[in-house]
$ cat model-v4.txt   # compact mmCIF, C-alpha atoms
# COMPACT_ATOMS: atom_id res chain seq x y z
CA ALA A 254 -152.95 -49.35 106.19
CA GLN A 255 -150.15 -46.88 106.56
CA SER A 256 -146.43 -47.33 106.93
CA VAL A 257 -143.31 -45.21 107.09
CA THR A 258 -139.77 -46.08 106.08
CA GLN A 259 -136.72 -44.13 107.08
CA LEU A 260 -134.23 -45.16 104.47
CA ASP A 261 -131.04 -44.66 106.52
CA SER A 262 -130.47 -45.87 110.05
CA HIS A 263 -127.36 -43.65 110.34
CA VAL A 264 -126.31 -40.49 108.49
CA SER A 265 -122.94 -38.81 109.04
CA VAL A 266 -122.16 -35.31 107.75
CA SER A 267 -119.52 -32.71 108.45
CA GLU A 268 -120.38 -29.56 110.34
CA GLY A 269 -121.44 -26.81 107.93
CA THR A 270 -122.54 -29.22 105.16
CA PRO A 271 -126.14 -30.00 104.14
CA VAL A 272 -128.26 -32.59 105.90
CA LEU A 273 -130.70 -34.93 104.14
CA LEU A 274 -132.75 -37.47 106.12
CA ARG A 275 -134.98 -39.56 103.93
CA CYS A 276 -138.51 -40.72 104.70
CA ASN A 277 -140.98 -42.56 102.48
CA TYR A 278 -144.55 -43.33 103.48
CA SER A 279 -147.52 -45.27 102.24
CA SER A 280 -151.08 -44.30 103.03
CA SER A 281 -154.56 -44.98 101.70
CA TYR A 282 -155.67 -41.45 102.56
CA SER A 283 -154.23 -37.97 102.67
CA PRO A 284 -151.94 -38.33 105.64
CA SER A 285 -150.41 -35.83 107.95
CA LEU A 286 -146.68 -36.20 108.44
CA PHE A 287 -144.36 -35.15 111.23
CA TRP A 288 -140.66 -35.07 111.97
CA TYR A 289 -139.55 -35.35 115.58
CA VAL A 290 -136.03 -35.03 117.02
CA GLN A 291 -134.74 -36.85 120.09
CA HIS A 292 -131.54 -35.62 121.72
CA PRO A 293 -129.68 -38.00 124.06
CA ASN A 294 -131.59 -38.69 127.28
CA LYS A 295 -134.45 -36.44 126.19
CA GLY A 296 -137.97 -36.90 124.94
CA LEU A 297 -139.05 -36.36 121.36
CA GLN A 298 -139.56 -32.78 120.22
CA LEU A 299 -141.64 -31.75 117.21
CA LEU A 300 -139.51 -30.30 114.39
CA LEU A 301 -142.26 -29.72 111.85
CA LYS A 302 -145.58 -31.06 110.55
CA TYR A 303 -147.41 -31.32 107.24
CA THR A 304 -151.23 -31.34 107.24
CA SER A 305 -152.29 -30.79 103.60
CA ALA A 306 -151.42 -27.11 103.40
CA ALA A 307 -148.17 -25.88 101.81
CA THR A 308 -146.03 -28.78 100.60
CA LEU A 309 -142.79 -27.15 101.75
CA VAL A 310 -142.85 -27.01 105.52
CA LYS A 311 -140.42 -25.00 107.61
CA GLY A 312 -139.61 -26.14 111.11
CA ILE A 313 -137.48 -25.16 114.05
CA ASN A 314 -133.68 -24.92 114.03
CA GLY A 315 -133.47 -24.31 110.28
CA PHE A 316 -134.98 -27.64 109.24
CA GLU A 317 -137.51 -28.00 106.47
CA ALA A 318 -139.26 -30.86 104.69
CA GLU A 319 -141.06 -31.17 101.39
CA PHE A 320 -144.16 -33.32 100.90
CA LYS A 321 -144.00 -35.00 97.49
CA LYS A 322 -147.13 -37.01 96.84
CA SER A 323 -145.91 -38.41 93.54
CA GLU A 324 -142.83 -39.84 95.26
CA THR A 325 -144.60 -40.57 98.59
CA SER A 326 -141.69 -38.88 100.32
CA PHE A 327 -141.23 -36.39 103.13
CA HIS A 328 -137.47 -35.86 103.33
CA LEU A 329 -135.98 -33.62 106.00
CA THR A 330 -133.25 -31.15 105.03
CA LYS A 331 -131.08 -28.46 106.53
CA PRO A 332 -128.63 -26.33 104.52
CA SER A 333 -125.84 -26.32 107.08
CA ALA A 334 -125.37 -28.83 109.89
CA HIS A 335 -124.47 -27.74 113.39
CA MET A 336 -122.92 -29.88 116.09
CA SER A 337 -126.09 -29.47 118.16
CA ASP A 338 -128.07 -31.26 115.41
CA ALA A 339 -126.57 -34.61 116.43
CA ALA A 340 -129.60 -36.63 117.54
CA GLU A 341 -132.13 -39.30 116.54
CA TYR A 342 -134.78 -38.20 114.04
CA PHE A 343 -138.19 -39.85 113.63
CA CYS A 344 -140.56 -39.55 110.69
CA VAL A 345 -144.20 -40.14 111.69
CA VAL A 346 -147.35 -40.59 109.59
CA SER A 347 -150.98 -40.27 110.64
CA GLU A 348 -154.19 -41.06 108.77
CA GLY A 349 -156.24 -39.71 111.64
CA GLY A 350 -157.85 -41.28 114.65
CA GLY A 351 -156.10 -41.41 117.97
CA ALA A 352 -152.51 -42.09 118.87
CA ASP A 353 -153.01 -45.65 117.70
CA GLY A 354 -153.27 -44.07 114.24
CA LEU A 355 -149.70 -42.82 114.43
CA THR A 356 -146.95 -44.85 112.81
CA PHE A 357 -143.38 -44.05 113.82
CA GLY A 358 -140.37 -44.71 111.64
CA LYS A 359 -137.46 -46.61 113.12
CA GLY A 360 -135.36 -43.47 113.42
CA THR A 361 -132.25 -42.06 111.76
CA HIS A 362 -129.22 -41.37 113.88
CA LEU A 363 -127.56 -38.15 112.67
CA ILE A 364 -123.84 -37.84 113.39
CA ILE A 365 -122.07 -34.51 112.91
CA GLN A 366 -118.33 -34.66 112.26
CA PRO A 367 -116.31 -31.62 113.39
CA ASP B 142 -141.03 -24.20 132.82
CA THR B 143 -141.17 -27.90 132.05
CA ALA B 144 -144.24 -28.65 129.94
CA VAL B 145 -144.40 -32.43 130.49
CA SER B 146 -142.50 -33.67 133.51
CA GLN B 147 -142.11 -37.23 134.63
CA THR B 148 -140.43 -38.74 137.67
CA PRO B 149 -138.22 -40.47 138.38
CA LYS B 150 -135.70 -40.04 135.57
CA TYR B 151 -134.00 -43.33 136.40
CA LEU B 152 -135.47 -46.37 138.12
CA VAL B 153 -133.43 -49.46 138.95
CA THR B 154 -135.27 -52.29 140.65
CA GLN B 155 -135.35 -56.05 141.03
CA MET B 156 -137.63 -58.52 139.35
CA GLY B 157 -140.93 -59.01 141.10
CA ASN B 158 -141.09 -55.51 142.59
CA ASP B 159 -143.90 -53.00 142.04
CA LYS B 160 -143.04 -49.48 140.91
CA SER B 161 -144.76 -46.29 139.75
CA ILE B 162 -143.85 -43.51 137.34
CA LYS B 163 -145.55 -40.14 137.63
CA CYS B 164 -146.34 -37.66 134.88
CA GLU B 165 -147.72 -34.14 134.93
CA GLN B 166 -148.34 -31.66 132.13
CA ASN B 167 -148.93 -27.92 132.49
CA LEU B 168 -149.95 -27.28 128.88
CA GLY B 169 -153.68 -27.51 129.51
CA HIS B 170 -153.90 -30.46 127.12
CA ASP B 171 -156.84 -32.85 127.20
CA THR B 172 -155.00 -36.00 126.16
CA MET B 173 -152.09 -37.85 127.75
CA TYR B 174 -150.17 -40.95 126.73
CA TRP B 175 -147.64 -43.53 127.82
CA TYR B 176 -145.13 -44.79 125.27
CA LYS B 177 -142.46 -47.46 125.61
CA GLN B 178 -139.14 -47.09 123.75
CA ASP B 179 -137.04 -50.22 123.46
CA SER B 180 -133.27 -50.51 123.15
CA LYS B 181 -133.53 -50.09 119.35
CA LYS B 182 -135.32 -46.76 119.82
CA PHE B 183 -138.65 -48.19 118.57
CA LEU B 184 -141.61 -46.33 120.08
CA LYS B 185 -144.85 -48.11 120.93
CA ILE B 186 -148.04 -46.57 122.28
CA MET B 187 -149.25 -48.20 125.49
CA PHE B 188 -152.14 -46.10 126.77
CA SER B 189 -153.99 -42.91 126.01
CA TYR B 190 -156.33 -40.94 128.24
CA ASN B 191 -158.63 -38.11 127.20
CA ASN B 192 -160.05 -36.01 130.03
CA LYS B 193 -159.26 -38.77 132.51
CA GLU B 194 -161.00 -41.41 130.38
CA LEU B 195 -159.04 -44.34 128.93
CA ILE B 196 -159.31 -44.26 125.12
CA ILE B 197 -156.41 -46.42 123.96
CA ASN B 198 -155.22 -49.57 125.65
CA GLU B 199 -152.83 -51.41 123.40
CA THR B 200 -151.79 -55.00 123.94
CA VAL B 201 -149.97 -54.45 127.21
CA PRO B 202 -149.74 -56.97 130.09
CA ASN B 203 -152.28 -56.21 132.78
CA ARG B 204 -149.37 -55.79 135.19
CA PHE B 205 -149.32 -52.25 133.76
CA SER B 206 -152.06 -50.03 135.14
CA PRO B 207 -152.40 -46.35 134.26
CA LYS B 208 -154.22 -43.93 136.52
CA SER B 209 -155.37 -40.42 135.71
CA PRO B 210 -156.54 -38.51 138.80
CA ASP B 211 -157.15 -35.39 136.67
CA LYS B 212 -156.45 -34.39 133.09
CA ALA B 213 -153.04 -32.92 134.01
CA HIS B 214 -151.72 -36.15 135.51
CA LEU B 215 -151.22 -39.66 134.19
CA ASN B 216 -149.33 -42.14 136.33
CA LEU B 217 -148.16 -45.62 135.42
CA HIS B 218 -148.01 -48.42 137.95
CA ILE B 219 -146.23 -51.65 137.13
CA ASN B 220 -146.68 -54.81 139.19
CA SER B 221 -144.37 -57.83 139.37
CA LEU B 222 -141.66 -56.29 137.22
CA GLU B 223 -139.92 -58.54 134.67
CA LEU B 224 -136.57 -58.27 132.90
CA GLY B 225 -138.37 -57.51 129.62
CA ASP B 226 -139.93 -54.40 131.13
CA SER B 227 -136.54 -52.68 130.99
CA ALA B 228 -136.95 -49.76 128.60
CA VAL B 229 -137.43 -46.01 128.51
CA TYR B 230 -141.01 -44.97 129.25
CA PHE B 231 -142.23 -41.66 127.87
CA CYS B 232 -145.20 -39.67 128.96
CA ALA B 233 -146.68 -37.34 126.33
CA SER B 234 -149.63 -35.00 125.92
CA SER B 235 -151.54 -33.41 123.06
CA GLN B 236 -154.28 -30.85 122.71
CA SER B 237 -156.77 -33.36 121.35
CA PRO B 238 -156.91 -37.13 120.88
CA SER B 239 -156.75 -36.76 117.13
CA SER B 240 -153.34 -37.74 115.85
CA TYR B 241 -153.93 -36.01 112.52
CA ASN B 242 -153.29 -32.42 113.55
CA SER B 243 -152.32 -32.51 117.19
CA PRO B 244 -148.60 -33.02 117.77
CA LEU B 245 -147.30 -34.81 120.81
CA HIS B 246 -145.33 -33.12 123.59
CA PHE B 247 -143.03 -35.57 125.33
CA GLY B 248 -141.48 -35.73 128.77
CA ASN B 249 -137.79 -36.57 129.10
CA GLY B 250 -138.40 -40.21 129.83
CA THR B 251 -137.93 -42.64 132.69
CA ARG B 252 -135.21 -45.23 132.13
CA LEU B 253 -136.38 -48.39 133.88
CA THR B 254 -133.82 -51.13 134.52
CA VAL B 255 -135.01 -54.41 135.98
CA THR B 256 -132.28 -56.67 137.38
$ encode --input "model-v4.txt" --output "structure tokens"
Amino acid sequence: AQSVTQLDSHVSVSEGTPVLLRCNYSSSYSPSLFWYVQHPNKGLQLLLKYTSAATLVKGINGFEAEFKKSETSFHLTKPSAHMSDAAEYFCVVSEGGGADGLTFGKGTHLIIQP
Amino acid sequence: DTAVSQTPKYLVTQMGNDKSIKCEQNLGHDTMYWYKQDSKKFLKIMFSYNNKELIINETVPNRFSPKSPDKAHLNLHINSLELGDSAVYFCASSQSPSSYNSPLHFGNGTRLTVT
């Protein structure tokens, strides 16, 4: 069985400072991992994905995430936050199969202070 | 150039009514989905269709009936609406039904409010 834990329900940073959104997973297999972003009143948009290639994955809008098997983590980072980054972020794990094989985290609400 | 579009964006209705939500994707994807997002932002898969065939049907009341006239469309009809059906419903599509390497593309959601 797989699971995903987003360690913070809310993260608040100042504009121009680094962002760190934490995600830990558990999986019996080699999972694929995704980060999605949801802006207010919008659907989820893929930020980046890891599927057993390079462990450091670069995504859109300057985000990146590093797959660390030893720590079972897939934390999302960005060097410098922008006001437009304010949104809900979801970490998702898949062991394969169909959409019923996807497990979504509960989300982290990112707040950007001016 | 909206990739996954769903209508209506907002739907306010009374208990007991029947309503439909429509979804269309122009990405050429084979697989489409309906998800429900509750007030705590938790996302739950409801249905999945691959090439018009139902492949996932989670534990959802049979008042909910999806219909896929072709692989670019997946509509959701809800009978006898209840207060607990209030949520945001998202349509999504992906290139294949495999969740391992086929990211989801979401519509902007339909906010359903049952009064």
$ atom_distance --input "model-v4.txt" --atom1 "atom CA of Lys193 of chain B" --atom2 "atom CA of Gly349 of chain A"
21.1 Å
$ interface_residues --input "model-v4.txt" --of "chain B" --to "chain A" --cutoff "7 Å" --atoms "all atoms listed in the file" --output "PyMOL selection string"
chain B and resi 183-184+186+238-242+246-250
$ write_last_selection --input "model-v4.txt" --atoms "C-alpha atoms" --output "PDB file, keeping the file's coordinate frame"
ATOM      1  CA  PHE B 183    -138.650 -48.190 118.570  1.00  0.00           C
ATOM      2  CA  LEU B 184    -141.610 -46.330 120.080  1.00  0.00           C
ATOM      3  CA  ILE B 186    -148.040 -46.570 122.280  1.00  0.00           C
ATOM      4  CA  PRO B 238    -156.910 -37.130 120.880  1.00  0.00           C
ATOM      5  CA  SER B 239    -156.750 -36.760 117.130  1.00  0.00           C
ATOM      6  CA  SER B 240    -153.340 -37.740 115.850  1.00  0.00           C
ATOM      7  CA  TYR B 241    -153.930 -36.010 112.520  1.00  0.00           C
ATOM      8  CA  ASN B 242    -153.290 -32.420 113.550  1.00  0.00           C
ATOM      9  CA  HIS B 246    -145.330 -33.120 123.590  1.00  0.00           C
ATOM     10  CA  PHE B 247    -143.030 -35.570 125.330  1.00  0.00           C
ATOM     11  CA  GLY B 248    -141.480 -35.730 128.770  1.00  0.00           C
ATOM     12  CA  ASN B 249    -137.790 -36.570 129.100  1.00  0.00           C
ATOM     13  CA  GLY B 250    -138.400 -40.210 129.830  1.00  0.00           C
TER      14      GLY B 250
END
$ closest_residue --input "model-v4.txt" --among "B:Met187, B:Met156, B:Leu215, B:Cys164" --to "Ser227 of chain B" --atoms "all atoms listed in the file"
B:Met156
$ atom_distance --input "model-v4.txt" --atom1 "atom CA of Cys344 of chain A" --atom2 "atom CA of Ser256 of chain A"
10.4 Å
$ residues_around --input "model-v4.txt" --residues "Trp175 of chain B" --least-positions-apart "2" --cutoff "9 Å" --atoms "all atoms listed in the file" --output "MDAnalysis selection string"
chainID B and resid 173 177 185:189 207 215:217 230:234
$ write_last_selection --input "model-v4.txt" --atoms "C-alpha atoms" --output "PDB file, keeping the file's coordinate frame"
ATOM      1  CA  MET B 173    -152.090 -37.850 127.750  1.00  0.00           C
ATOM      2  CA  LYS B 177    -142.460 -47.460 125.610  1.00  0.00           C
ATOM      3  CA  LYS B 185    -144.850 -48.110 120.930  1.00  0.00           C
ATOM      4  CA  ILE B 186    -148.040 -46.570 122.280  1.00  0.00           C
ATOM      5  CA  MET B 187    -149.250 -48.200 125.490  1.00  0.00           C
ATOM      6  CA  PHE B 188    -152.140 -46.100 126.770  1.00  0.00           C
ATOM      7  CA  SER B 189    -153.990 -42.910 126.010  1.00  0.00           C
ATOM      8  CA  PRO B 207    -152.400 -46.350 134.260  1.00  0.00           C
ATOM      9  CA  LEU B 215    -151.220 -39.660 134.190  1.00  0.00           C
ATOM     10  CA  ASN B 216    -149.330 -42.140 136.330  1.00  0.00           C
ATOM     11  CA  LEU B 217    -148.160 -45.620 135.420  1.00  0.00           C
ATOM     12  CA  TYR B 230    -141.010 -44.970 129.250  1.00  0.00           C
ATOM     13  CA  PHE B 231    -142.230 -41.660 127.870  1.00  0.00           C
ATOM     14  CA  CYS B 232    -145.200 -39.670 128.960  1.00  0.00           C
ATOM     15  CA  ALA B 233    -146.680 -37.340 126.330  1.00  0.00           C
ATOM     16  CA  SER B 234    -149.630 -35.000 125.920  1.00  0.00           C
TER      17      SER B 234
END
$ atom_distance --input "model-v4.txt" --atom1 "atom CA of Ser337 of chain A" --atom2 "atom CA of Gly312 of chain A"
15.6 Å
